[in-house]
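One structure is given here, and the rest of the page talks about it.
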Amino acid sequence: MAPMGGWAVDHNDQVFEDRALLRSHTCGELRASHEGQQVTLCGWVDSYRDHGGTIFVDLRDRYGKTQVVFDPDIGDAQLALGRSLRSEDVIKVTGKVSHRPAGTVNPKLDTGEVEIRSTEVTLLNKCLNAPFAPGQQDLPGEDLRLRYRYLDLRRPAMQRTLVTRSRIIKTMRDYFDENNFIDVETPILGRSTPEGARDYLVPSRVNTGNFFALPQSPQLYKQILMIAGYDRYVQVARCFRDEDLRADRQPEFTQLDLEMSFVEMDDIIGMIDGLMVRLAKELLDIDLKTPLPRMTYDEAMERFGHDAPDLRYGMELVDCTDLAAQAEFRVFRGVADSGGRVRAINAKGAANNYSRKDIDLMTEWVQQDFGAKGLAWFKVDADGKLSSPIAKNFSDELLQKFKERMAAEPGDFLLISADTWDVTCRVLNALRRRLAAELKLYDPSDMNFSWVVEFPMFDYDPEEKRWVAMHHPFTAPRPQDLPLLDTDPQAARAVAYDLVINGSEAGGGTIRIHDNQIQQKVFGLLGMDEESAQERFGFLLDALRMGAPPHGGIALGIDRIVMLFAQLESIRDCIAFPKTQRATDLMTGAPGTVERRQLQELGIRIAAENK
RNA sequence: GGGGCCGUAGCUCAAUUGGUUAGAGCACUGGACUGUCGAUCCAGAGGUUGCGGGUUCGAUCCCCGUCGGCCUCGCCA
């Protein structure tokens, strides 16, 4: 083994040149070819089997497991020590590698052909009162796993995931290094910007009453780097957003952040296509075809009701508003007449998978979670008839047209959302995803990569009664849409692109505004007057007047990408030390209170205790 | 901020309509056993049913509150 670096001093002030001398091999590397060698292994006791005379111990480290044998003839003291070993004790064992007797080879272990016949065992550290064992069959609750994260991280599954994560990041770094990118670090202590997510704030002691903000992303710094002439920047950047958590959201997360100068959208997308090809090949041995497919935002919303559609299965949304307008049924007519939409999905052959009770629960769900007023449905009977409580409200002719529109066949289950465009999108997207999962319409190990492009520049915020940037305020509109900024901002489309993997947004980027005038205009549309724009982003506006190249970039969510590549359900499972849904660290107890003196130094007083 | 699920032995779970002493597997302790590998066999110990209150003759079970974990809507440029 390679020396682990430098001089190290142990508690007895003895100096070792090389700590690796403690062991000669790892627990995953011994094979029949090592037979006869004297070796020393260190590791954790994974399991033990005491046969009265002979004792077997499976020794584990992150490389694998090796069986250690304690024969009765090694001496009473050694045998007693061997007998006292329990799960998760840390030991050092010296002995000879020997081929296992015929019939006792264990094909489940890579090292299963051999075993160590222990001649000397040292207990390096006893494991006392562990609340759970990494090797136990049933996974403990997540709160325990987080509280005793060091036990959880010993589990081979967690170790594999963190290795995968490490390899993904290494592949990214290699790829961008080969493509002439330079890695530049940007500040963690920055300035709060009111747009976007809530900031994590850090009080300044030196400037009492002022606060730093942790970066939501290095957005402005990387644009400044472009203006500074570093035409290809990349960084594995930690980002922070103080918003509520989800299974795929953490308050601090890691982005592969990059920016390029003198580029158009295709250059960025092409660069990331290349990265995805490389990652898919190296990690999953999948050959991706490039260019990865693209669709516009408008198409994605129309066909799937979502800006990050899962393309591993069909069940696309079908518009039936025109048919609904002809119906007697008041609900449908009303929606059609008031500018709403009536859209449907066809769950092929699923009519018998859902009972009335199931559908009632589904209806409640879309009402509660997505603001639907209701959920209409039809089942196609064996004779081709559409059955549903609302069937009597439609003429046979109209039902026939609807069937044709939906390509409905006997056994199909049709779900219809009649509502505002927005609600039909949310409801049918949710139903489509849920039904596809329940009906197993796709292989969970399939990987699908695509791009969604041309997002709207703005969203209208009815509460604040103003436009908000759909991506961020530095996003460039398509050149042909520049006039729309004055006439119809809602229609303006951005040069924006999201990378979508299996229905998850894995990354997003834009070409940036590199013209001071356009930037000021966008700030204006977002409700920022000149003064406050100058106050918040004056440095950027200045920089945009001092030789700013056309530039753009993208940020990929590394945690999500690892989660998707490793087929995990939760982002917490690919982060070594994640936070709970309430953004706390169960191991360290963060966040915690601080001493009064610290607050005084910062000029901070806690306004009111809640209890 | 809203909706939902969960909390019983160290761990994973069970406990009939609200009814006697709250059970099982794993782990743990003691014993037996020289080839196992999820070892096996025998015995044992282990409980404030998250916490507080209420209803009841009686609460793991029903109600209210609270704490914690998870899922989700809002939120996340």
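Ligands are numbered from 1 in the order shown, chains are lettered A, B, ... in the order of the structure tokens, and residues start at 1 in each chain.
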
(request) Would you list the contacts of A:Glu438 as a ChimeraX atom specification, taking every protein, DNA or RNA residue within 12 Å and counting only C-alpha atoms (C1' of nucleotides), but skipping same-chain residues closer than 4 positions in sequence? (result) /A:347,350,353-354,431-434,442-444

Report as a tab-separated table: every residue of chain A with an atom at most 6 Å from chain B, its closest pair of atoms, and their distance in Å to one decimal, counting only C-alpha atoms (C1' of nucleotides), with rows sorted by chain and ascending residue number.
residue	atom	partner	partner_atom	distance
A:His51	CA	B:C33	C1'	5.6
A:Gly52	CA	B:C33	C1'	5.4
A:Gly53	CA	B:U34	C1'	4.8
A:Thr54	CA	B:U34	C1'	5.2
A:Pro131	CA	B:G10	C1'	5.4
A:Phe132	CA	B:C11	C1'	5.7
A:Asp138	CA	B:U12	C1'	5.6
A:Asp143	CA	B:G69	C1'	5.8
A:Glu195	CA	B:A77	C1'	5.9
A:Gly196	CA	B:A77	C1'	4.0
A:Glu243	CA	B:C76	C1'	5.9
A:Asp369	CA	B:C73	C1'	4.8
A:Ala469	CA	B:A77	C1'	5.7
A:His471	CA	B:A77	C1'	5.1
A:His472	CA	B:A77	C1'	4.2

(request) Just the helix (DSSP H, G or I) stuff from stretch 148-331 of chain A, please, per backbone DSSP, written as a ChimeraX atom specification. (result) /A:149-152,156-178,219-227,265-284,297-304,321-325,330-331

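For the residues A:Gly209, A:Gly349, A:Gly503, A:Gly95, ranking by smallest atom-to-atom distance to A:Ser450 using only C-alpha atoms places A:Gly503 first.
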
Could you pull the residues within 10 Å of A:Arg582, counting only C-alpha atoms (C1' of nucleotides), minus those fewer than 5 positions along the same chain, as a short mmCIF file (atom, residue, chain, number, x, y, z; two decimals) with N, CA, C and O atoms (P, O5', C5', C4', C3', O3' and C1' of nucleotides), in the first residue's frame?
data_model
loop_
_atom_site.label_atom_id
_atom_site.label_comp_id
_atom_site.auth_asym_id
_atom_site.auth_seq_id
_atom_site.Cartn_x
_atom_site.Cartn_y
_atom_site.Cartn_z
N GLU A 243 -35.14 27.22 2.22
CA GLU A 243 -36.53 26.93 1.87
C GLU A 243 -36.89 25.57 2.43
O GLU A 243 -36.03 24.81 2.86
N ASP A 244 -38.19 25.25 2.39
CA ASP A 244 -38.62 23.97 2.95
C ASP A 244 -38.09 22.80 2.12
O ASP A 244 -37.92 22.91 0.92
N LEU A 245 -37.85 21.68 2.81
CA LEU A 245 -37.17 20.56 2.19
C LEU A 245 -38.12 19.55 1.58
O LEU A 245 -39.31 19.54 1.86
N ARG A 246 -37.54 18.73 0.72
CA ARG A 246 -38.26 17.63 0.09
C ARG A 246 -37.32 16.44 0.00
O ARG A 246 -36.15 16.54 0.35
N GLN A 250 -32.16 19.65 -0.31
CA GLN A 250 -31.46 19.89 0.94
C GLN A 250 -31.16 21.39 1.05
O GLN A 250 -31.00 22.06 0.03
N PRO A 251 -31.04 21.89 2.27
CA PRO A 251 -30.76 23.33 2.41
C PRO A 251 -29.37 23.69 1.91
O PRO A 251 -29.14 24.80 1.46
P G B 69 -36.91 16.11 13.39
"O5'" G B 69 -37.27 14.74 12.64
"C5'" G B 69 -36.34 13.68 12.65
"C4'" G B 69 -36.92 12.49 11.94
"C3'" G B 69 -37.47 12.75 10.56
"O3'" G B 69 -36.47 12.85 9.57
"C1'" G B 69 -39.01 11.44 11.76
#

(message) List the spatial neighbours of A:Pro550 as an MDAnalysis selection string - criterion: any atom at most 10 Å away, only C-alpha atoms (C1' of nucleotides), same-chain residues fewer than 3 positions off excluded.
(response) chainID A and resid 223 226:227 260:264 511:515 547

Based on the selection just made, write N, CA, C and O atoms of those residues as a tab-separated table (two decimals), in the first residue's frame.
chain	number	residue	atom	x	y	z
A	223	GLN	N	-20.39	35.24	-13.75
A	223	GLN	CA	-20.54	36.21	-14.84
A	223	GLN	C	-19.40	37.23	-14.82
A	223	GLN	O	-18.87	37.60	-15.85
A	226	MET	N	-16.43	35.82	-16.41
A	226	MET	CA	-16.46	35.90	-17.87
A	226	MET	C	-16.00	37.28	-18.33
A	226	MET	O	-15.21	37.42	-19.26
A	227	ILE	N	-16.52	38.29	-17.65
A	227	ILE	CA	-16.17	39.66	-18.01
A	227	ILE	C	-14.67	39.88	-17.76
A	227	ILE	O	-14.02	40.68	-18.44
A	260	MET	N	-19.35	29.85	-19.78
A	260	MET	CA	-18.48	29.94	-20.96
A	260	MET	C	-18.74	31.27	-21.67
A	260	MET	O	-19.87	31.75	-21.70
A	261	SER	N	-17.71	31.79	-22.29
A	261	SER	CA	-17.84	33.02	-23.06
A	261	SER	C	-17.82	32.71	-24.55
A	261	SER	O	-17.29	31.69	-24.97
A	262	PHE	N	-18.38	33.65	-25.32
A	262	PHE	CA	-18.44	33.54	-26.78
A	262	PHE	C	-19.14	32.25	-27.20
A	262	PHE	O	-18.63	31.48	-28.00
A	263	VAL	N	-20.27	32.00	-26.57
A	263	VAL	CA	-21.00	30.77	-26.87
A	263	VAL	C	-22.48	31.06	-27.07
A	263	VAL	O	-22.99	32.10	-26.65
A	264	GLU	N	-23.14	30.12	-27.75
A	264	GLU	CA	-24.58	30.12	-27.85
A	264	GLU	C	-25.11	28.89	-27.11
A	264	GLU	O	-24.32	28.05	-26.66
A	511	ILE	N	-28.32	31.51	-21.45
A	511	ILE	CA	-27.40	32.53	-21.96
A	511	ILE	C	-27.75	33.80	-21.20
A	511	ILE	O	-28.92	34.08	-20.94
A	512	ARG	N	-26.70	34.54	-20.79
A	512	ARG	CA	-26.94	35.72	-19.93
A	512	ARG	C	-27.03	36.98	-20.78
A	512	ARG	O	-26.52	37.04	-21.90
A	513	ILE	N	-27.63	37.94	-20.15
A	513	ILE	CA	-27.64	39.27	-20.76
A	513	ILE	C	-26.23	39.84	-20.64
A	513	ILE	O	-25.65	39.86	-19.55
A	514	HIS	N	-25.65	40.29	-21.76
A	514	HIS	CA	-24.32	40.90	-21.64
A	514	HIS	C	-24.35	42.36	-22.07
A	514	HIS	O	-23.32	42.97	-22.30
A	515	ASP	N	-25.59	42.88	-22.13
A	515	ASP	CA	-25.77	44.26	-22.55
A	515	ASP	C	-26.43	45.05	-21.42
A	515	ASP	O	-27.49	44.69	-20.93
A	547	GLY	N	-16.67	45.96	-21.28
A	547	GLY	CA	-16.12	44.88	-22.08
A	547	GLY	C	-16.64	43.52	-21.66
A	547	GLY	O	-15.86	42.66	-21.26

(message) as a count of residues only, please: every residue in stretch 265-444 of chain A that DSSP puts in strand (DSSP E).
(response) 26

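Going from atom CA of A:Met301 over to atom CA of A:Val427, you cover 12.0 Å.
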
(request) Rank nothing, just name the residue among A:Asp73, A:Asp242, A:Asp231, A:Asp488 nearest to A:Leu214, using only C-alpha atoms. (result) A:Asp242

Hey, what's within 9 Å of stretch 281-294 of chain A if we count only C-alpha atoms (C1' of nucleotides) and toss same-chain stuff fewer than 5 positions away? As an mmCIF file with N, CA, C and O atoms, in the first residue's frame, please?
data_model
loop_
_atom_site.group_PDB
_atom_site.id
_atom_site.type_symbol
_atom_site.label_atom_id
_atom_site.label_comp_id
_atom_site.auth_asym_id
_atom_site.auth_seq_id
_atom_site.Cartn_x
_atom_site.Cartn_y
_atom_site.Cartn_z
ATOM 1 N N THR A 164 -19.551 6.139 -5.665
ATOM 2 C CA THR A 164 -20.171 6.586 -6.917
ATOM 3 C C THR A 164 -20.138 8.103 -7.022
ATOM 4 O O THR A 164 -19.781 8.672 -8.056
ATOM 5 N N ARG A 167 -16.710 9.281 -7.827
ATOM 6 C CA ARG A 167 -16.339 9.011 -9.223
ATOM 7 C C ARG A 167 -17.044 9.964 -10.181
ATOM 8 O O ARG A 167 -16.479 10.399 -11.180
ATOM 9 N N ILE A 168 -18.303 10.304 -9.871
ATOM 10 C CA ILE A 168 -19.027 11.247 -10.728
ATOM 11 C C ILE A 168 -18.323 12.598 -10.723
ATOM 12 O O ILE A 168 -18.091 13.215 -11.760
ATOM 13 N N THR A 171 -15.046 12.402 -12.593
ATOM 14 C CA THR A 171 -15.276 12.380 -14.036
ATOM 15 C C THR A 171 -15.594 13.779 -14.549
ATOM 16 O O THR A 171 -15.089 14.211 -15.590
ATOM 17 N N ILE A 269 -25.102 23.222 -24.398
ATOM 18 C CA ILE A 269 -25.791 21.939 -24.412
ATOM 19 C C ILE A 269 -24.861 20.846 -24.945
ATOM 20 O O ILE A 269 -24.795 19.744 -24.398
ATOM 21 N N GLY A 270 -24.113 21.173 -25.990
ATOM 22 C CA GLY A 270 -23.187 20.193 -26.552
ATOM 23 C C GLY A 270 -22.128 19.776 -25.538
ATOM 24 O O GLY A 270 -21.777 18.590 -25.430
ATOM 25 N N ASP A 273 -23.912 17.542 -23.120
ATOM 26 C CA ASP A 273 -24.173 16.253 -23.770
ATOM 27 C C ASP A 273 -22.934 15.366 -23.665
ATOM 28 O O ASP A 273 -23.024 14.180 -23.326
ATOM 29 N N GLY A 274 -21.784 15.965 -23.962
ATOM 30 C CA GLY A 274 -20.529 15.209 -23.903
ATOM 31 C C GLY A 274 -20.259 14.672 -22.512
ATOM 32 O O GLY A 274 -19.796 13.535 -22.329
ATOM 33 N N MET A 276 -22.544 13.985 -20.245
ATOM 34 C CA MET A 276 -23.508 12.923 -19.931
ATOM 35 C C MET A 276 -23.108 11.612 -20.606
ATOM 36 O O MET A 276 -23.243 10.537 -20.015
ATOM 37 N N MET A 447 -32.552 4.847 -17.965
ATOM 38 C CA MET A 447 -32.119 6.230 -17.802
ATOM 39 C C MET A 447 -32.499 6.996 -19.057
ATOM 40 O O MET A 447 -32.198 6.569 -20.171
ATOM 41 N N PHE A 449 -32.375 10.841 -20.806
ATOM 42 C CA PHE A 449 -31.807 12.190 -20.750
ATOM 43 C C PHE A 449 -32.438 13.051 -21.832
ATOM 44 O O PHE A 449 -32.560 12.611 -22.968
ATOM 45 N N SER A 450 -32.825 14.261 -21.468
ATOM 46 C CA SER A 450 -33.342 15.160 -22.498
ATOM 47 C C SER A 450 -33.198 16.609 -22.045
ATOM 48 O O SER A 450 -32.860 16.887 -20.888
ATOM 49 N N TRP A 451 -33.450 17.495 -23.002
ATOM 50 C CA TRP A 451 -33.407 18.929 -22.716
ATOM 51 C C TRP A 451 -34.774 19.550 -22.927
ATOM 52 O O TRP A 451 -35.492 19.182 -23.862
ATOM 53 N N VAL A 452 -35.117 20.475 -22.041
ATOM 54 C CA VAL A 452 -36.277 21.323 -22.259
ATOM 55 C C VAL A 452 -35.751 22.743 -22.433
ATOM 56 O O VAL A 452 -34.955 23.207 -21.599
ATOM 57 N N VAL A 453 -36.160 23.398 -23.518
ATOM 58 C CA VAL A 453 -35.556 24.695 -23.852
ATOM 59 C C VAL A 453 -36.631 25.755 -24.046
ATOM 60 O O VAL A 453 -37.824 25.458 -24.120
ATOM 61 N N PHE A 565 -28.275 8.409 -10.744
ATOM 62 C CA PHE A 565 -27.356 7.386 -11.241
ATOM 63 C C PHE A 565 -27.295 6.192 -10.288
ATOM 64 O O PHE A 565 -27.063 5.070 -10.715
#

(request) Tell me which protein, DNA and RNA residues are within 9 Å of A:Leu586, counting only C-alpha atoms (C1' of nucleotides), leaving out same-chain ones fewer than 6 positions away, and put them as a list of chain:residue names. (result)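 Contacts, with the query itself left out: A:Asp143, A:Leu144, A:Leu146, A:Arg147, A:Tyr148, A:Arg149, A:Lys579, A:Thr580.
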
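Interatomic distance, atom CA of A:Ala436 to atom CA of A:Lys401: 25.3 Å.
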
Counting only C-alpha atoms (C1' of nucleotides), what is within 12 Å of B:U49, bar same-chain residues fewer than 3 positions away, as a short mmCIF file (atom, residue, chain, number, x, y, z; two decimals) with all heavy atoms, in the first residue's frame?
data_model
loop_
_atom_site.label_atom_id
_atom_site.label_comp_id
_atom_site.auth_asym_id
_atom_site.auth_seq_id
_atom_site.Cartn_x
_atom_site.Cartn_y
_atom_site.Cartn_z
P G B 7 -46.79 3.71 14.66
OP1 G B 7 -46.78 2.24 14.88
OP2 G B 7 -47.98 4.50 15.00
"O5'" G B 7 -45.56 4.33 15.43
"C5'" G B 7 -44.24 3.90 15.16
"C4'" G B 7 -43.26 4.68 16.01
"O4'" G B 7 -43.41 6.09 15.72
"C3'" G B 7 -43.46 4.50 17.52
"O3'" G B 7 -42.20 4.49 18.17
"C2'" G B 7 -44.20 5.77 17.92
"O2'" G B 7 -43.97 6.16 19.25
"C1'" G B 7 -43.59 6.79 16.94
N9 G B 7 -44.49 7.92 16.71
C8 G B 7 -45.70 7.90 16.08
N7 G B 7 -46.29 9.07 16.06
C5 G B 7 -45.40 9.91 16.72
C6 G B 7 -45.48 11.29 17.00
O6 G B 7 -46.39 12.08 16.73
N1 G B 7 -44.37 11.74 17.70
C2 G B 7 -43.31 10.98 18.05
N2 G B 7 -42.32 11.58 18.71
N3 G B 7 -43.20 9.67 17.80
C4 G B 7 -44.28 9.21 17.13
P U B 8 -41.55 3.11 18.55
OP1 U B 8 -40.36 3.42 19.36
OP2 U B 8 -41.45 2.30 17.34
"O5'" U B 8 -42.66 2.45 19.49
"C5'" U B 8 -42.79 2.87 20.83
"C4'" U B 8 -43.21 1.72 21.70
"O4'" U B 8 -44.48 1.19 21.21
"C3'" U B 8 -42.31 0.50 21.66
"O3'" U B 8 -41.16 0.66 22.50
"C2'" U B 8 -43.24 -0.59 22.13
"O2'" U B 8 -43.49 -0.48 23.52
"C1'" U B 8 -44.51 -0.21 21.38
N1 U B 8 -44.61 -0.83 20.04
C2 U B 8 -44.95 -2.17 19.99
O2 U B 8 -45.16 -2.84 20.99
N3 U B 8 -45.01 -2.70 18.73
C4 U B 8 -44.78 -2.05 17.55
O4 U B 8 -44.89 -2.66 16.50
C5 U B 8 -44.44 -0.67 17.67
C6 U B 8 -44.36 -0.13 18.89
P A B 9 -39.80 0.09 21.99
OP1 A B 9 -38.81 1.15 22.29
OP2 A B 9 -39.96 -0.44 20.63
"O5'" A B 9 -39.54 -1.13 22.98
"C5'" A B 9 -39.24 -0.91 24.33
"C4'" A B 9 -38.14 -1.84 24.80
"O4'" A B 9 -38.68 -3.18 24.88
"C3'" A B 9 -36.93 -1.91 23.87
"O3'" A B 9 -35.75 -2.02 24.65
"C2'" A B 9 -37.15 -3.21 23.12
"O2'" A B 9 -35.96 -3.82 22.67
"C1'" A B 9 -37.82 -4.06 24.18
N9 A B 9 -38.62 -5.17 23.67
C8 A B 9 -38.97 -5.44 22.36
N7 A B 9 -39.66 -6.54 22.22
C5 A B 9 -39.80 -7.02 23.50
C6 A B 9 -40.43 -8.17 24.03
N6 A B 9 -41.08 -9.04 23.29
N1 A B 9 -40.38 -8.35 25.36
C2 A B 9 -39.72 -7.47 26.11
N3 A B 9 -39.07 -6.35 25.73
C4 A B 9 -39.16 -6.20 24.41
P A B 15 -51.25 -5.91 14.65
OP1 A B 15 -52.38 -6.38 13.84
OP2 A B 15 -50.91 -4.47 14.70
"O5'" A B 15 -51.48 -6.38 16.16
"C5'" A B 15 -52.00 -7.67 16.45
"C4'" A B 15 -52.11 -7.86 17.94
"O4'" A B 15 -50.79 -7.71 18.54
"C3'" A B 15 -52.97 -6.82 18.67
"O3'" A B 15 -54.34 -7.11 18.59
"C2'" A B 15 -52.41 -6.91 20.08
"O2'" A B 15 -52.89 -8.04 20.75
"C1'" A B 15 -50.92 -7.08 19.80
N9 A B 15 -50.24 -5.77 19.73
C8 A B 15 -49.90 -5.06 18.61
N7 A B 15 -49.32 -3.91 18.87
C5 A B 15 -49.29 -3.86 20.26
C6 A B 15 -48.81 -2.90 21.16
N6 A B 15 -48.25 -1.76 20.78
N1 A B 15 -48.94 -3.15 22.48
C2 A B 15 -49.50 -4.29 22.87
N3 A B 15 -49.99 -5.29 22.11
C4 A B 15 -49.85 -5.00 20.81
P A B 22 -47.88 -7.23 30.86
OP1 A B 22 -46.57 -6.73 31.30
OP2 A B 22 -49.08 -6.35 30.97
"O5'" A B 22 -47.76 -7.73 29.36
"C5'" A B 22 -48.88 -8.23 28.65
"C4'" A B 22 -48.70 -7.95 27.18
"O4'" A B 22 -48.81 -6.52 26.98
"C3'" A B 22 -47.32 -8.30 26.63
"O3'" A B 22 -47.29 -9.65 26.21
"C2'" A B 22 -47.17 -7.34 25.47
"O2'" A B 22 -47.84 -7.82 24.32
"C1'" A B 22 -47.92 -6.11 25.98
N9 A B 22 -47.03 -5.08 26.54
C8 A B 22 -46.74 -4.83 27.85
N7 A B 22 -45.93 -3.82 28.04
C5 A B 22 -45.67 -3.37 26.76
C6 A B 22 -44.88 -2.32 26.27
N6 A B 22 -44.19 -1.49 27.04
N1 A B 22 -44.83 -2.14 24.94
C2 A B 22 -45.53 -2.97 24.15
N3 A B 22 -46.31 -3.99 24.49
C4 A B 22 -46.34 -4.14 25.82
P A B 59 -56.92 3.07 31.59
OP1 A B 59 -55.48 3.20 31.92
OP2 A B 59 -57.82 4.22 31.68
"O5'" A B 59 -57.08 2.45 30.13
"C5'" A B 59 -56.37 1.27 29.75
"C4'" A B 59 -55.74 1.47 28.39
"O4'" A B 59 -56.76 1.90 27.44
"C3'" A B 59 -54.66 2.56 28.35
"O3'" A B 59 -53.70 2.20 27.37
"C2'" A B 59 -55.41 3.78 27.89
"O2'" A B 59 -54.61 4.73 27.27
"C1'" A B 59 -56.38 3.14 26.89
N9 A B 59 -57.59 3.93 26.65
C8 A B 59 -58.09 4.97 27.39
N7 A B 59 -59.20 5.47 26.91
C5 A B 59 -59.45 4.72 25.78
C6 A B 59 -60.47 4.75 24.81
N6 A B 59 -61.48 5.60 24.85
N1 A B 59 -60.40 3.86 23.80
C2 A B 59 -59.37 3.00 23.76
N3 A B 59 -58.36 2.87 24.62
C4 A B 59 -58.46 3.77 25.60
P U B 60 -52.32 1.49 27.82
OP1 U B 60 -52.66 0.12 28.28
OP2 U B 60 -51.59 2.41 28.74
"O5'" U B 60 -51.49 1.37 26.48
"C5'" U B 60 -50.79 2.49 25.97
"C4'" U B 60 -50.63 2.38 24.48
"O4'" U B 60 -50.24 1.03 24.15
"C3'" U B 60 -51.90 2.61 23.68
"O3'" U B 60 -52.10 3.99 23.44
"C2'" U B 60 -51.62 1.85 22.38
"O2'" U B 60 -50.82 2.62 21.50
"C1'" U B 60 -50.75 0.67 22.89
N1 U B 60 -51.51 -0.59 23.02
C2 U B 60 -51.88 -1.24 21.84
O2 U B 60 -51.63 -0.78 20.75
N3 U B 60 -52.56 -2.41 22.01
C4 U B 60 -52.90 -3.00 23.21
O4 U B 60 -53.52 -4.06 23.18
C5 U B 60 -52.48 -2.28 24.38
C6 U B 60 -51.82 -1.13 24.24
P C B 61 -53.54 4.59 23.54
OP1 C B 61 -53.41 6.04 23.25
OP2 C B 61 -54.15 4.12 24.80
"O5'" C B 61 -54.32 3.90 22.34
"C5'" C B 61 -53.86 4.01 20.99
"C4'" C B 61 -54.69 3.12 20.11
"O4'" C B 61 -54.58 1.76 20.59
"C3'" C B 61 -56.17 3.47 20.10
"O3'" C B 61 -56.70 3.27 18.80
"C2'" C B 61 -56.78 2.46 21.06
"O2'" C B 61 -58.13 2.13 20.77
"C1'" C B 61 -55.87 1.24 20.82
N1 C B 61 -55.81 0.35 21.99
C2 C B 61 -56.08 -1.01 21.84
O2 C B 61 -56.33 -1.45 20.71
N3 C B 61 -56.05 -1.82 22.92
C4 C B 61 -55.79 -1.30 24.12
N4 C B 61 -55.79 -2.13 25.16
C5 C B 61 -55.52 0.07 24.31
C6 C B 61 -55.55 0.87 23.23
#

(request) Give me, please, the distance in Å between atom CA of A:Val594 and atom C1' of B:G52, quoted to one decimal. (result) 28.7 Å
